[in-house]
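Participant: Input structure: my_file34.tsv, which contains TSV, C-alpha atoms.
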```
chain	number	residue	atom	x	y	z
A	192	MET	CA	22.84	10.97	5.40
A	193	VAL	CA	23.40	13.68	2.84
A	194	GLY	CA	26.17	16.01	3.79
A	195	PRO	CA	25.92	19.77	3.40
A	196	PRO	CA	27.01	21.16	0.04
A	197	PRO	CA	30.10	23.33	-0.06
A	198	SER	CA	29.30	27.00	0.04
A	199	GLY	CA	29.01	28.99	-3.16
A	200	ARG	CA	27.72	26.12	-5.30
A	201	ARG	CA	24.10	25.97	-6.42
A	202	PRO	CA	22.32	22.75	-7.31
A	203	PRO	CA	22.22	22.03	-11.04
A	204	ALA	CA	19.17	22.90	-13.09
A	205	SER	CA	18.32	19.22	-13.36
A	206	GLY	CA	17.77	19.29	-9.63
A	207	LEU	CA	14.96	21.75	-10.04
A	208	LEU	CA	13.27	19.35	-12.42
A	209	ALA	CA	13.77	16.59	-9.90
A	210	LEU	CA	12.16	18.66	-7.18
A	211	ALA	CA	9.31	19.54	-9.50
A	212	CYS	CA	8.57	15.91	-10.10
A	213	ALA	CA	8.90	14.66	-6.55
A	214	GLY	CA	5.15	14.25	-6.50
A	215	CYS	CA	4.94	12.50	-9.82
A	216	SER	CA	3.42	9.32	-8.49
A	217	THR	CA	-0.12	8.83	-9.49
A	218	LEU	CA	-2.65	9.37	-6.72
A	219	GLY	CA	-5.85	8.61	-8.54
A	220	THR	CA	-8.41	5.87	-8.02
A	221	LEU	CA	-9.17	5.01	-11.59
A	222	HIS	CA	-10.84	1.65	-11.44
A	223	GLY	CA	-13.91	0.12	-9.92
A	224	ALA	CA	-14.51	-3.04	-7.94
A	225	ARG	CA	-15.49	-5.25	-10.86
A	226	PRO	CA	-12.55	-7.14	-12.31
A	227	LEU	CA	-12.36	-7.98	-15.96
A	228	ALA	CA	-13.46	-11.48	-16.83
A	229	PRO	CA	-10.89	-13.94	-18.18
A	230	GLY	CA	-10.28	-13.11	-21.81
A	231	GLN	CA	-11.09	-9.45	-21.39
A	232	HIS	CA	-8.51	-6.71	-21.78
A	233	MET	CA	-8.72	-3.01	-21.10
A	234	LEU	CA	-6.69	0.01	-22.15
A	235	PRO	CA	-7.35	2.73	-19.56
A	236	PRO	CA	-5.58	6.02	-20.35
A	237	ALA	CA	-6.18	8.90	-17.96
A	238	LEU	CA	-5.46	12.57	-17.50
A	239	SER	CA	-5.33	14.15	-14.07
A	240	ALA	CA	-4.11	17.04	-12.00
A	241	GLN	CA	-2.63	16.50	-8.59
A	242	GLN	CA	-1.14	18.38	-5.71
A	243	GLY	CA	0.95	16.95	-2.92
A	244	THR	CA	3.24	17.98	-0.13
A	245	GLU	CA	6.34	17.03	-2.12
A	246	ALA	CA	5.43	18.70	-5.36
A	247	LEU	CA	6.56	22.01	-6.70
A	248	SER	CA	2.88	22.66	-7.18
A	249	THR	CA	2.50	23.13	-3.45
A	250	ALA	CA	5.05	25.89	-3.41
A	251	ALA	CA	3.78	27.40	-6.63
A	252	GLY	CA	0.15	27.01	-5.66
A	253	ILE	CA	-0.79	25.21	-8.84
A	254	PRO	CA	-1.55	21.52	-9.43
A	255	LEU	CA	0.74	19.36	-11.53
A	256	PRO	CA	-0.67	17.66	-14.61
A	257	GLN	CA	-0.27	13.92	-14.90
A	258	ILE	CA	-0.86	11.50	-17.74
A	259	GLU	CA	-1.28	7.75	-17.47
A	260	LEU	CA	-1.27	4.86	-19.86
A	261	GLY	CA	-2.32	1.45	-18.67
A	262	TYR	CA	-3.31	-2.10	-19.44
A	263	ARG	CA	-5.58	-4.52	-17.58
A	264	ALA	CA	-6.46	-8.15	-18.18
A	265	GLY	CA	-8.73	-10.69	-16.52
A	266	LEU	CA	-7.05	-13.61	-14.80
A	267	ALA	CA	-9.94	-15.54	-13.31
A	268	PRO	CA	-13.48	-14.80	-12.20
A	269	ASP	CA	-13.25	-11.96	-9.67
A	270	LEU	CA	-9.56	-11.39	-10.35
A	271	ASP	CA	-7.66	-9.23	-12.79
A	272	TRP	CA	-4.36	-7.41	-12.92
A	273	GLY	CA	-3.14	-4.18	-14.38
A	274	VAL	CA	-0.21	-1.90	-14.90
A	275	ARG	CA	-0.19	1.88	-15.14
A	276	SER	CA	2.66	4.01	-16.37
A	277	TYR	CA	2.81	7.70	-15.70
A	278	LEU	CA	5.35	10.47	-15.66
A	279	PHE	CA	8.55	8.93	-14.21
A	280	GLY	CA	6.82	5.93	-12.69
A	281	THR	CA	4.91	2.67	-12.97
A	282	THR	CA	2.45	0.82	-10.75
A	283	ALA	CA	1.22	-2.78	-11.00
A	284	ASP	CA	-1.76	-4.15	-9.12
A	285	LEU	CA	-4.03	-7.12	-8.54
A	286	ARG	CA	-7.74	-6.54	-8.13
A	287	TYR	CA	-9.75	-9.14	-6.24
A	288	ARG	CA	-13.51	-8.88	-5.79
A	289	PHE	CA	-13.92	-10.60	-2.48
A	290	ALA	CA	-17.55	-9.90	-1.60
A	291	ARG	CA	-20.88	-8.54	-2.69
A	292	LEU	CA	-22.74	-6.57	-0.05
A	293	GLY	CA	-26.16	-5.32	-1.04
A	294	PRO	CA	-25.76	-3.13	-4.13
A	295	PHE	CA	-21.99	-2.95	-3.68
A	296	ASP	CA	-19.26	-5.09	-5.12
A	297	LEU	CA	-16.22	-4.98	-2.82
A	298	ALA	CA	-12.67	-5.42	-4.05
A	299	ALA	CA	-9.18	-5.18	-2.65
A	300	GLN	CA	-6.60	-3.84	-5.05
A	301	PRO	CA	-3.07	-4.05	-3.63
A	302	SER	CA	-0.50	-2.30	-5.76
A	303	LEU	CA	3.25	-1.88	-5.87
A	304	GLY	CA	4.85	0.94	-7.78
A	305	GLY	CA	6.76	4.13	-7.60
A	306	ALA	CA	8.66	6.76	-9.45
A	307	VAL	CA	12.29	7.67	-9.89
A	308	LEU	CA	14.06	10.57	-11.49
A	309	PRO	CA	17.82	10.18	-11.72
A	310	THR	CA	19.99	13.09	-12.76
A	311	PRO	CA	23.75	13.26	-13.28
A	312	ALA	CA	24.20	14.88	-9.87
A	313	PHE	CA	21.48	13.32	-7.76
A	314	GLY	CA	18.22	11.50	-7.90
A	315	ILE	CA	14.99	11.14	-6.05
A	316	GLY	CA	12.16	8.70	-6.05
A	317	ASN	CA	9.68	6.75	-4.05
A	318	VAL	CA	8.32	3.23	-3.71
A	319	ASP	CA	4.60	2.95	-2.98
A	320	LEU	CA	2.61	0.07	-1.57
A	321	GLY	CA	-1.06	0.80	-2.03
A	322	MET	CA	-3.85	-0.99	-0.19
A	323	PRO	CA	-7.17	0.26	-1.51
A	324	LEU	CA	-10.56	-1.12	-0.57
A	325	VAL	CA	-12.98	-0.34	-3.37
A	326	ALA	CA	-16.77	-0.47	-3.49
A	327	GLU	CA	-18.83	-0.11	-6.66
A	328	ALA	CA	-22.58	0.14	-7.14
A	329	ASP	CA	-24.77	0.83	-10.15
A	330	LEU	CA	-26.49	4.17	-10.38
A	331	GLY	CA	-28.23	3.13	-13.58
A	332	PRO	CA	-27.99	0.58	-16.35
A	333	GLU	CA	-24.78	2.09	-17.71
A	334	THR	CA	-23.58	4.24	-14.83
A	335	SER	CA	-21.74	3.24	-11.68
A	336	LEU	CA	-20.40	4.91	-8.55
A	337	VAL	CA	-17.05	3.88	-7.08
A	338	LEU	CA	-15.99	4.70	-3.54
A	339	ALA	CA	-12.53	3.84	-2.25
A	340	ALA	CA	-10.74	3.97	1.08
A	341	ARG	CA	-7.04	3.33	1.04
A	342	THR	CA	-3.63	3.67	2.53
A	343	VAL	CA	-0.40	4.20	0.64
A	344	ALA	CA	2.85	3.28	2.37
A	345	ARG	CA	5.51	5.39	0.70
A	346	GLN	CA	9.26	5.19	1.11
A	347	HIS	CA	11.04	8.22	-0.33
A	348	PHE	CA	14.68	7.99	-1.26
A	349	ALA	CA	17.22	10.47	-2.50
A	350	TRP	CA	20.87	10.31	-3.33
A	351	VAL	CA	23.62	12.73	-4.22
A	352	ASP	CA	26.79	11.88	-6.10
A	353	ASP	CA	28.48	15.08	-7.09
A	354	PRO	CA	31.97	16.39	-6.31
A	355	ALA	CA	30.58	19.76	-5.29
A	356	LEU	CA	27.43	18.65	-3.53
A	357	GLY	CA	28.89	15.69	-1.71
A	358	ARG	CA	27.89	12.05	-1.73
A	359	GLY	CA	25.24	10.22	0.25
A	360	ALA	CA	21.73	8.93	0.45
A	361	SER	CA	18.71	9.37	2.61
A	362	GLY	CA	15.18	8.07	2.91
A	363	ARG	CA	11.94	8.76	4.64
A	364	PHE	CA	8.79	6.73	5.22
A	365	GLU	CA	5.28	8.12	5.09
A	366	LEU	CA	1.87	6.56	5.39
A	367	LEU	CA	-0.86	8.28	3.42
A	368	ALA	CA	-4.51	7.57	4.11
A	369	GLY	CA	-7.64	8.78	2.44
A	370	GLY	CA	-10.30	8.02	-0.04
A	371	GLY	CA	-11.68	8.68	-3.45
A	372	ALA	CA	-14.74	8.57	-5.61
A	373	ARG	CA	-15.40	7.96	-9.28
A	374	ILE	CA	-18.46	8.08	-11.46
A	375	ALA	CA	-18.25	6.09	-14.66
A	376	ARG	CA	-20.56	5.61	-17.62
A	377	ARG	CA	-20.28	2.96	-20.26
A	378	PHE	CA	-20.75	3.62	-23.97
A	379	GLY	CA	-20.36	0.19	-25.56
A	380	ILE	CA	-16.72	-0.82	-25.22
A	381	LEU	CA	-15.81	2.63	-23.91
A	382	THR	CA	-16.06	3.61	-20.28
A	383	LEU	CA	-15.68	7.26	-19.32
A	384	GLY	CA	-14.89	8.10	-15.71
A	385	VAL	CA	-14.50	11.21	-13.58
A	386	PHE	CA	-12.56	10.71	-10.37
A	387	GLY	CA	-11.19	12.52	-7.38
A	388	ASP	CA	-8.96	11.42	-4.49
A	389	VAL	CA	-7.84	13.03	-1.26
A	390	LEU	CA	-5.03	11.75	0.95
A	391	ILE	CA	-3.56	12.96	4.21
A	392	ASN	CA	-0.06	12.27	5.41
A	393	THR	CA	-0.41	10.47	8.73
A	394	SER	CA	3.34	10.62	9.39
A	395	ARG	CA	3.55	14.38	9.58
A	396	LEU	CA	1.21	17.31	9.42
A	397	GLY	CA	0.87	18.95	6.07
A	398	PRO	CA	-1.55	19.99	3.37
A	399	LEU	CA	-3.87	17.51	1.72
A	400	TRP	CA	-2.68	15.53	-1.26
A	401	TRP	CA	-5.32	15.40	-3.92
A	402	SER	CA	-5.85	14.24	-7.44
A	403	GLY	CA	-8.69	14.61	-9.88
A	404	GLY	CA	-9.22	13.86	-13.52
A	405	LEU	CA	-10.75	11.91	-16.34
A	406	ASP	CA	-10.15	8.33	-17.40
A	407	LEU	CA	-11.15	6.30	-20.41
A	408	GLY	CA	-11.39	2.54	-20.61
A	409	PHE	CA	-11.50	0.56	-23.82
A	410	THR	CA	-12.65	-2.97	-22.99
A	411	LEU	CA	-11.76	-5.63	-25.52
A	412	GLY	CA	-12.74	-9.27	-25.66
A	413	GLY	CA	-16.12	-8.71	-24.03
A	414	ARG	CA	-18.53	-5.94	-23.25
A	415	ALA	CA	-18.25	-5.14	-19.60
A	416	PRO	CA	-16.58	-6.57	-16.50
A	417	GLU	CA	-19.84	-7.82	-15.04
A	418	ASP	CA	-19.32	-11.56	-14.69
A	419	PRO	CA	-19.55	-12.25	-10.97
A	420	GLY	CA	-17.90	-15.67	-11.23
A	421	GLY	CA	-16.55	-17.63	-8.29
A	422	GLN	CA	-18.63	-18.64	-5.32
A	423	PRO	CA	-20.68	-16.60	-2.92
A	424	PRO	CA	-18.67	-15.02	-0.13
A	425	GLY	CA	-17.96	-17.41	2.68
B	110	MET	CA	3.44	-15.28	-10.00
B	111	ILE	CA	-0.26	-15.47	-9.20
B	112	PRO	CA	-1.02	-17.57	-6.12
B	113	ALA	CA	-3.03	-20.59	-7.17
B	114	ALA	CA	-5.39	-19.95	-4.26
B	115	LEU	CA	-6.61	-16.80	-5.94
B	116	LEU	CA	-7.58	-18.85	-8.95
B	117	LEU	CA	-9.37	-21.52	-6.93
B	118	ALA	CA	-12.94	-21.40	-5.75
B	119	SER	CA	-13.75	-20.36	-2.22
B	120	ALA	CA	-12.69	-22.60	0.65
B	121	ALA	CA	-13.67	-22.72	4.28
B	122	LEU	CA	-11.52	-20.93	6.81
B	123	ALA	CA	-8.96	-23.20	8.45
B	124	GLN	CA	-9.62	-24.24	12.04
B	125	GLY	CA	-6.16	-23.09	12.97
B	126	ALA	CA	-2.85	-21.99	11.54
B	127	ALA	CA	0.57	-21.07	12.89
B	128	GLY	CA	3.99	-20.19	11.56
B	129	LEU	CA	6.66	-17.56	11.12
B	130	GLY	CA	6.61	-14.21	9.40
B	131	LEU	CA	9.13	-11.88	7.80
B	132	GLY	CA	8.34	-8.24	7.40
B	133	ALA	CA	9.39	-4.69	6.89
B	134	LEU	CA	8.66	-2.48	9.87
B	135	ALA	CA	8.44	1.29	9.63
B	136	LEU	CA	9.53	2.02	13.17
B	137	HIS	CA	8.75	5.36	14.70
B	138	THR	CA	12.14	6.36	16.05
B	139	GLY	CA	13.10	8.87	18.68
B	140	SER	CA	13.85	11.41	15.96
B	141	GLY	CA	10.20	11.42	14.95
B	142	GLU	CA	10.82	9.70	11.64
B	143	HIS	CA	9.73	6.27	10.54
B	144	ARG	CA	12.71	4.11	9.67
B	145	LEU	CA	12.43	0.81	7.88
B	146	ALA	CA	13.77	-2.23	9.70
B	147	PRO	CA	13.49	-5.96	9.07
B	148	ALA	CA	11.16	-7.79	11.42
B	149	LEU	CA	10.69	-11.44	12.39
B	150	SER	CA	7.52	-12.75	13.98
B	151	GLY	CA	5.78	-15.87	15.17
B	152	TRP	CA	2.03	-16.11	14.80
B	153	GLY	CA	-0.95	-18.32	15.45
B	154	ARG	CA	-4.62	-18.18	14.55
B	155	VAL	CA	-7.73	-20.16	15.52
B	156	ALA	CA	-11.13	-19.96	13.88
B	157	LEU	CA	-14.10	-18.44	15.66
B	158	GLY	CA	-17.01	-19.67	13.61
B	159	GLN	CA	-17.21	-19.62	9.84
B	160	ALA	CA	-15.68	-16.25	9.06
B	161	CYS	CA	-13.86	-14.90	12.11
B	162	HIS	CA	-10.73	-15.78	14.01
B	163	ALA	CA	-8.56	-14.94	16.99
B	164	GLU	CA	-4.85	-14.44	16.49
B	165	ALA	CA	-1.69	-13.94	18.48
B	166	GLU	CA	1.63	-12.54	17.35
B	167	LEU	CA	5.10	-11.98	18.79
B	168	GLY	CA	7.46	-9.85	16.72
B	169	LEU	CA	11.08	-8.72	16.92
B	170	ALA	CA	12.92	-6.00	15.04
B	171	ARG	CA	16.15	-4.04	15.23
B	172	HIS	CA	17.10	-0.68	13.80
B	173	ALA	CA	20.65	0.57	14.08
B	174	GLU	CA	22.02	3.79	12.69
B	175	GLY	CA	25.61	4.99	12.60
B	176	GLY	CA	27.70	7.09	10.28
B	177	PRO	CA	28.34	10.75	10.98
B	178	THR	CA	25.39	11.01	13.36
B	179	VAL	CA	25.38	9.70	16.90
B	180	PRO	CA	25.03	5.93	16.54
B	181	PHE	CA	22.03	4.35	18.12
B	182	ASP	CA	20.71	0.85	18.29
B	183	GLU	CA	17.01	0.22	18.84
B	184	ARG	CA	15.60	-3.22	19.62
B	185	TRP	CA	11.93	-3.74	19.54
B	186	THR	CA	9.61	-6.51	20.70
B	187	ARG	CA	5.86	-6.57	20.34
B	188	GLY	CA	3.19	-8.97	21.48
B	189	ALA	CA	-0.33	-8.61	20.15
B	190	LEU	CA	-3.68	-10.32	20.27
B	191	GLY	CA	-6.41	-9.74	17.77
B	192	VAL	CA	-9.87	-10.70	16.64
B	193	GLY	CA	-10.63	-10.53	12.97
B	194	CYS	CA	-12.88	-11.64	10.18
B	195	SER	CA	-12.28	-12.64	6.59
B	196	THR	CA	-14.23	-13.31	3.44
B	197	GLY	CA	-13.55	-14.21	-0.14
B	198	THR	CA	-15.11	-15.30	-3.38
B	199	ARG	CA	-11.99	-17.35	-4.12
B	200	ALA	CA	-9.87	-19.50	-1.83
B	201	ALA	CA	-7.83	-16.47	-0.82
B	202	ARG	CA	-9.64	-14.38	1.77
B	203	VAL	CA	-9.47	-10.69	2.55
B	204	ALA	CA	-9.04	-10.26	6.28
B	205	ALA	CA	-8.94	-7.51	8.88
B	206	SER	CA	-8.24	-7.72	12.59
B	207	LEU	CA	-7.96	-5.51	15.65
B	208	GLY	CA	-6.67	-6.03	19.16
B	209	PRO	CA	-4.42	-4.88	21.97
B	210	ALA	CA	-0.62	-4.77	21.73
B	211	LEU	CA	2.31	-4.32	24.07
B	212	THR	CA	5.56	-2.97	22.65
B	213	TRP	CA	8.88	-3.00	24.46
B	214	ARG	CA	11.80	-0.95	23.19
B	215	ARG	CA	15.42	-0.83	24.21
B	216	THR	CA	17.44	2.02	22.75
B	217	THR	CA	21.20	2.34	23.14
B	218	ILE	CA	22.83	5.62	22.14
B	219	ASP	CA	26.49	5.76	21.28
B	220	GLY	CA	26.93	2.39	22.95
B	221	ARG	CA	26.79	4.01	26.37
B	222	TRP	CA	23.32	5.23	27.27
B	223	THR	CA	20.37	2.89	27.32
B	224	ALA	CA	16.67	3.64	27.64
B	225	ARG	CA	13.83	1.14	27.96
B	226	ALA	CA	10.16	1.71	27.40
B	227	LEU	CA	7.03	-0.40	27.51
B	228	GLY	CA	4.03	0.95	25.65
B	229	ALA	CA	0.48	-0.34	25.34
B	230	GLY	CA	-1.53	0.30	22.24
B	231	VAL	CA	-3.79	-1.02	19.54
B	232	ARG	CA	-2.76	-3.43	16.82
B	233	TRP	CA	-4.57	-3.52	13.47
B	234	ARG	CA	-3.91	-5.53	10.33
B	235	GLY	CA	-5.50	-6.20	7.00
B	236	GLY	CA	-4.56	-8.22	3.96
B	237	PHE	CA	-4.87	-11.63	2.40
B	238	LEU	CA	-5.04	-15.11	3.90
B	239	VAL	CA	-3.89	-17.46	1.16
B	240	PRO	CA	-4.09	-21.24	1.58
B	241	LEU	CA	-1.31	-23.21	-0.05
B	242	GLY	CA	-2.50	-26.72	-0.74
B	243	GLU	CA	-4.11	-28.76	2.03
B	244	HIS	CA	-1.94	-27.73	4.95
B	245	GLY	CA	0.00	-24.64	3.96
B	246	GLU	CA	-0.73	-20.97	4.52
B	247	LEU	CA	0.84	-17.81	3.15
B	248	ASP	CA	-0.56	-14.53	4.39
B	249	VAL	CA	0.27	-11.02	3.23
B	250	LEU	CA	-0.74	-8.49	5.84
B	251	ALA	CA	-0.21	-4.77	6.27
B	252	GLY	CA	-0.95	-2.96	9.48
B	253	GLY	CA	0.34	-1.06	12.39
B	254	ALA	CA	0.39	-0.67	16.13
B	255	SER	CA	0.18	2.35	18.36
B	256	ARG	CA	2.52	3.09	21.25
B	257	GLY	CA	1.00	5.95	23.12
B	258	PRO	CA	0.84	8.86	20.68
B	259	VAL	CA	3.02	7.29	17.97
B	260	PHE	CA	2.55	4.51	15.46
B	261	ASP	CA	4.64	1.80	13.86
B	262	PHE	CA	3.62	0.37	10.51
B	263	ASP	CA	4.51	-2.96	8.99
B	264	LEU	CA	4.13	-5.24	6.01
B	265	THR	CA	4.46	-8.92	6.80
B	266	VAL	CA	4.57	-12.07	4.73
B	267	GLN	CA	3.85	-14.97	7.04
B	268	GLY	CA	3.93	-18.62	6.20
B	269	GLY	CA	3.02	-21.68	8.15
B	270	ALA	CA	0.85	-24.73	8.55
B	271	ARG	CA	-2.94	-24.86	8.68
B	272	TRP	CA	-5.27	-27.53	9.94
```
Could you take the file, read its structure, and then write that structure out as structure tokens?

Facilitator:
Amino acid sequence: MVGPPPSGRRPPASGLLALACAGCSTLGTLHGARPLAPGQHMLPPALSAQQGTEALSTAAGIPLPQIELGYRAGLAPDLDWGVRSYLFGTTADLRYRFARLGPFDLAAQPSLGGAVLPTPAFGIGNVDLGMPLVAEADLGPETSLVLAARTVARQHFAWVDDPALGRGASGRFELLAGGGARIARRFGILTLGVFGDVLINTSRLGPLWWSGGLDLGFTLGGRAPEDPGGQPPG
Amino acid sequence: MIPAALLLASAALAQGAAGLGLGALALHTGSGEHRLAPALSGWGRVALGQACHAEAELGLARHAEGGPTVPFDERWTRGALGVGCSTGTRAARVAASLGPALTWRRTTIDGRWTARALGAGVRWRGGFLVPLGEHGELDVLAGGASRGPVFDFDLTVQGGARW
């Protein structure tokens, strides 16, 4: 446990930055339920704004901006993987289309990631295990709708190592649950998406965590991730 | 890194499987926080038709905390039954299950005071059932169980034999 700081000493300025970025994990649902085919690659940058219970934005009443850079590649029919890097963190995931149900493709997209911000005096961070269930259906020949339900198991951690503040570490677990939606339109090799996500913290009462933004996807090595592949669901 | 089963075409659900599991349990402690603890479990599953199954699970975990706070030692045992279904376009299947659970806790505070509690609740899990060769199984499942008004959450990797 973190001991109390001696009186008369204020946390360093770097601590304020750390607090500001405590919500720097990405919260967005950026991808659909259709994995890239083997040989396909995608570069999916994104811009978003987000607000969460840990962020300075909650106290200030303004959302925090977030930027993401990513890479995806097809592994097998119905299976691809990807990595996303964002401010102070990275997430990697596998996406597996496990069924087709009427107009919807259904995929599970487990992810492991997190964020960390070390400072000379102390650091904070979190490890996230995401378990999204994603459905995608066509709204038109080049337009699709993505709906996602998901949980995020998040372990926060913090440590202090400063002569004035003391020395110690602490952690806290939270389970976030919620959903998101995305509308995407393809323009050749470019896919443009608009997304929004809302999560609640099931471990304690608090305001909603939300994220919304724009994403781009440049698909290389093929036109679109449409190859169903594999066998019919068993 | 990528399980071969994800790269293989779809396979039929095994008639049965059983084994041991290791997991991380986010245990709802008396302080109201969820604390991570290692968990060990035994499990078994039998097929109910082409896509569904019944499963049983017995899990153990321990969470101890000391340091400057009052030390406490919490031991936890849970038995659960479940019915679930799975599907997949590859050999690995996405599964979900639901069923009743009984959780027994024994908490010792400062090595002197002990409390015991038995709580009934609901157990739910979802994740991947991954066959390994002809007779192996490796499942990755996330879920939770209720105990009255509170919840424990867990992530389990369970391995075993299938037939």

Participant: So which one's closest to Gly175 of chain B, B:Pro240, B:Gly130, B:Pro209, B:Gly220? Using all atoms listed in the file, please.

Facilitator: B:Gly220

Participant: Just how far from atom CA of Val266 of chain B is atom CA of Thr342 of chain A, in Å to one decimal?

Facilitator: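 Interatomic distance, atom CA of Thr342 of chain A to atom CA of Val266 of chain B: 17.9 Å.
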
Participant: Nearest to Gly168 of chain B: which of B:Leu190, B:Val203, B:Val155, B:Leu247 is it, counting all atoms listed in the file?

Facilitator: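 Closest residue, counting all atoms listed in the file: B:Leu190.
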
Participant: Up to 10 Å from (-7.8, -11.7, -19.4) in the file's coordinates: name the residues, counting all atoms listed in the file, as a ChimeraX atom specification.

Facilitator: /A:226-233,263-268,270-272,411-413

Participant: Identify all chain A residues at most 12 Å from chain B by counting only C-alpha atoms; ligands do not count. Present them as an MDAnalysis selection string.

Facilitator: chainID A and resid 192:194 229 265:272 284:292 296:301 320:324 341:348 359:367 393:395 419:425

Participant: Dump C-alpha atoms for the selected residues as an mmCIF file, in the coordinates of the input?

Facilitator:
```cif
data_model
loop_
_atom_site.group_PDB
_atom_site.id
_atom_site.type_symbol
_atom_site.label_atom_id
_atom_site.label_comp_id
_atom_site.auth_asym_id
_atom_site.auth_seq_id
_atom_site.Cartn_x
_atom_site.Cartn_y
_atom_site.Cartn_z
ATOM 1 C CA MET A 192 22.840 10.970 5.400
ATOM 2 C CA VAL A 193 23.400 13.680 2.840
ATOM 3 C CA GLY A 194 26.170 16.010 3.790
ATOM 4 C CA PRO A 229 -10.890 -13.940 -18.180
ATOM 5 C CA GLY A 265 -8.730 -10.690 -16.520
ATOM 6 C CA LEU A 266 -7.050 -13.610 -14.800
ATOM 7 C CA ALA A 267 -9.940 -15.540 -13.310
ATOM 8 C CA PRO A 268 -13.480 -14.800 -12.200
ATOM 9 C CA ASP A 269 -13.250 -11.960 -9.670
ATOM 10 C CA LEU A 270 -9.560 -11.390 -10.350
ATOM 11 C CA ASP A 271 -7.660 -9.230 -12.790
ATOM 12 C CA TRP A 272 -4.360 -7.410 -12.920
ATOM 13 C CA ASP A 284 -1.760 -4.150 -9.120
ATOM 14 C CA LEU A 285 -4.030 -7.120 -8.540
ATOM 15 C CA ARG A 286 -7.740 -6.540 -8.130
ATOM 16 C CA TYR A 287 -9.750 -9.140 -6.240
ATOM 17 C CA ARG A 288 -13.510 -8.880 -5.790
ATOM 18 C CA PHE A 289 -13.920 -10.600 -2.480
ATOM 19 C CA ALA A 290 -17.550 -9.900 -1.600
ATOM 20 C CA ARG A 291 -20.880 -8.540 -2.690
ATOM 21 C CA LEU A 292 -22.740 -6.570 -0.050
ATOM 22 C CA ASP A 296 -19.260 -5.090 -5.120
ATOM 23 C CA LEU A 297 -16.220 -4.980 -2.820
ATOM 24 C CA ALA A 298 -12.670 -5.420 -4.050
ATOM 25 C CA ALA A 299 -9.180 -5.180 -2.650
ATOM 26 C CA GLN A 300 -6.600 -3.840 -5.050
ATOM 27 C CA PRO A 301 -3.070 -4.050 -3.630
ATOM 28 C CA LEU A 320 2.610 0.070 -1.570
ATOM 29 C CA GLY A 321 -1.060 0.800 -2.030
ATOM 30 C CA MET A 322 -3.850 -0.990 -0.190
ATOM 31 C CA PRO A 323 -7.170 0.260 -1.510
ATOM 32 C CA LEU A 324 -10.560 -1.120 -0.570
ATOM 33 C CA ARG A 341 -7.040 3.330 1.040
ATOM 34 C CA THR A 342 -3.630 3.670 2.530
ATOM 35 C CA VAL A 343 -0.400 4.200 0.640
ATOM 36 C CA ALA A 344 2.850 3.280 2.370
ATOM 37 C CA ARG A 345 5.510 5.390 0.700
ATOM 38 C CA GLN A 346 9.260 5.190 1.110
ATOM 39 C CA HIS A 347 11.040 8.220 -0.330
ATOM 40 C CA PHE A 348 14.680 7.990 -1.260
ATOM 41 C CA GLY A 359 25.240 10.220 0.250
ATOM 42 C CA ALA A 360 21.730 8.930 0.450
ATOM 43 C CA SER A 361 18.710 9.370 2.610
ATOM 44 C CA GLY A 362 15.180 8.070 2.910
ATOM 45 C CA ARG A 363 11.940 8.760 4.640
ATOM 46 C CA PHE A 364 8.790 6.730 5.220
ATOM 47 C CA GLU A 365 5.280 8.120 5.090
ATOM 48 C CA LEU A 366 1.870 6.560 5.390
ATOM 49 C CA LEU A 367 -0.860 8.280 3.420
ATOM 50 C CA THR A 393 -0.410 10.470 8.730
ATOM 51 C CA SER A 394 3.340 10.620 9.390
ATOM 52 C CA ARG A 395 3.550 14.380 9.580
ATOM 53 C CA PRO A 419 -19.550 -12.250 -10.970
ATOM 54 C CA GLY A 420 -17.900 -15.670 -11.230
ATOM 55 C CA GLY A 421 -16.550 -17.630 -8.290
ATOM 56 C CA GLN A 422 -18.630 -18.640 -5.320
ATOM 57 C CA PRO A 423 -20.680 -16.600 -2.920
ATOM 58 C CA PRO A 424 -18.670 -15.020 -0.130
ATOM 59 C CA GLY A 425 -17.960 -17.410 2.680
#
```

Participant: Can you work out the spacing between atom CA of Thr334 of chain A and atom CA of Phe295 of chain A in Å, to one decimal?

Facilitator: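 Atom CA of Phe295 of chain A lies 13.4 Å from atom CA of Thr334 of chain A.
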
Participant: Which residue out of B:Glu166, B:Glu243, B:Asp248, B:Glu174 has the minimum interatomic distance to Ser150 of chain B when all atoms listed in the file are used?

Facilitator: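 Of B:Glu166, B:Glu243, B:Asp248, B:Glu174, the one nearest Ser150 of chain B is B:Glu166, counting all atoms listed in the file.
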
Participant: Which residues, written as an mmCIF file with C-alpha atoms, in the frame of the given file, have at least one atom at most 9 Å from Gly304 of chain A, with all atoms listed in the file counted and residues fewer than 5 positions away on the same chain left out?

Facilitator:
```
data_model
loop_
_atom_site.group_PDB
_atom_site.id
_atom_site.type_symbol
_atom_site.label_atom_id
_atom_site.label_comp_id
_atom_site.auth_asym_id
_atom_site.auth_seq_id
_atom_site.Cartn_x
_atom_site.Cartn_y
_atom_site.Cartn_z
ATOM 1 C CA SER A 216 3.420 9.320 -8.490
ATOM 2 C CA ARG A 275 -0.190 1.880 -15.140
ATOM 3 C CA GLY A 280 6.820 5.930 -12.690
ATOM 4 C CA THR A 281 4.910 2.670 -12.970
ATOM 5 C CA THR A 282 2.450 0.820 -10.750
ATOM 6 C CA ALA A 283 1.220 -2.780 -11.000
ATOM 7 C CA ASP A 284 -1.760 -4.150 -9.120
ATOM 8 C CA ASN A 317 9.680 6.750 -4.050
ATOM 9 C CA VAL A 318 8.320 3.230 -3.710
ATOM 10 C CA ASP A 319 4.600 2.950 -2.980
ATOM 11 C CA LEU A 320 2.610 0.070 -1.570
ATOM 12 C CA GLY A 321 -1.060 0.800 -2.030
#
```
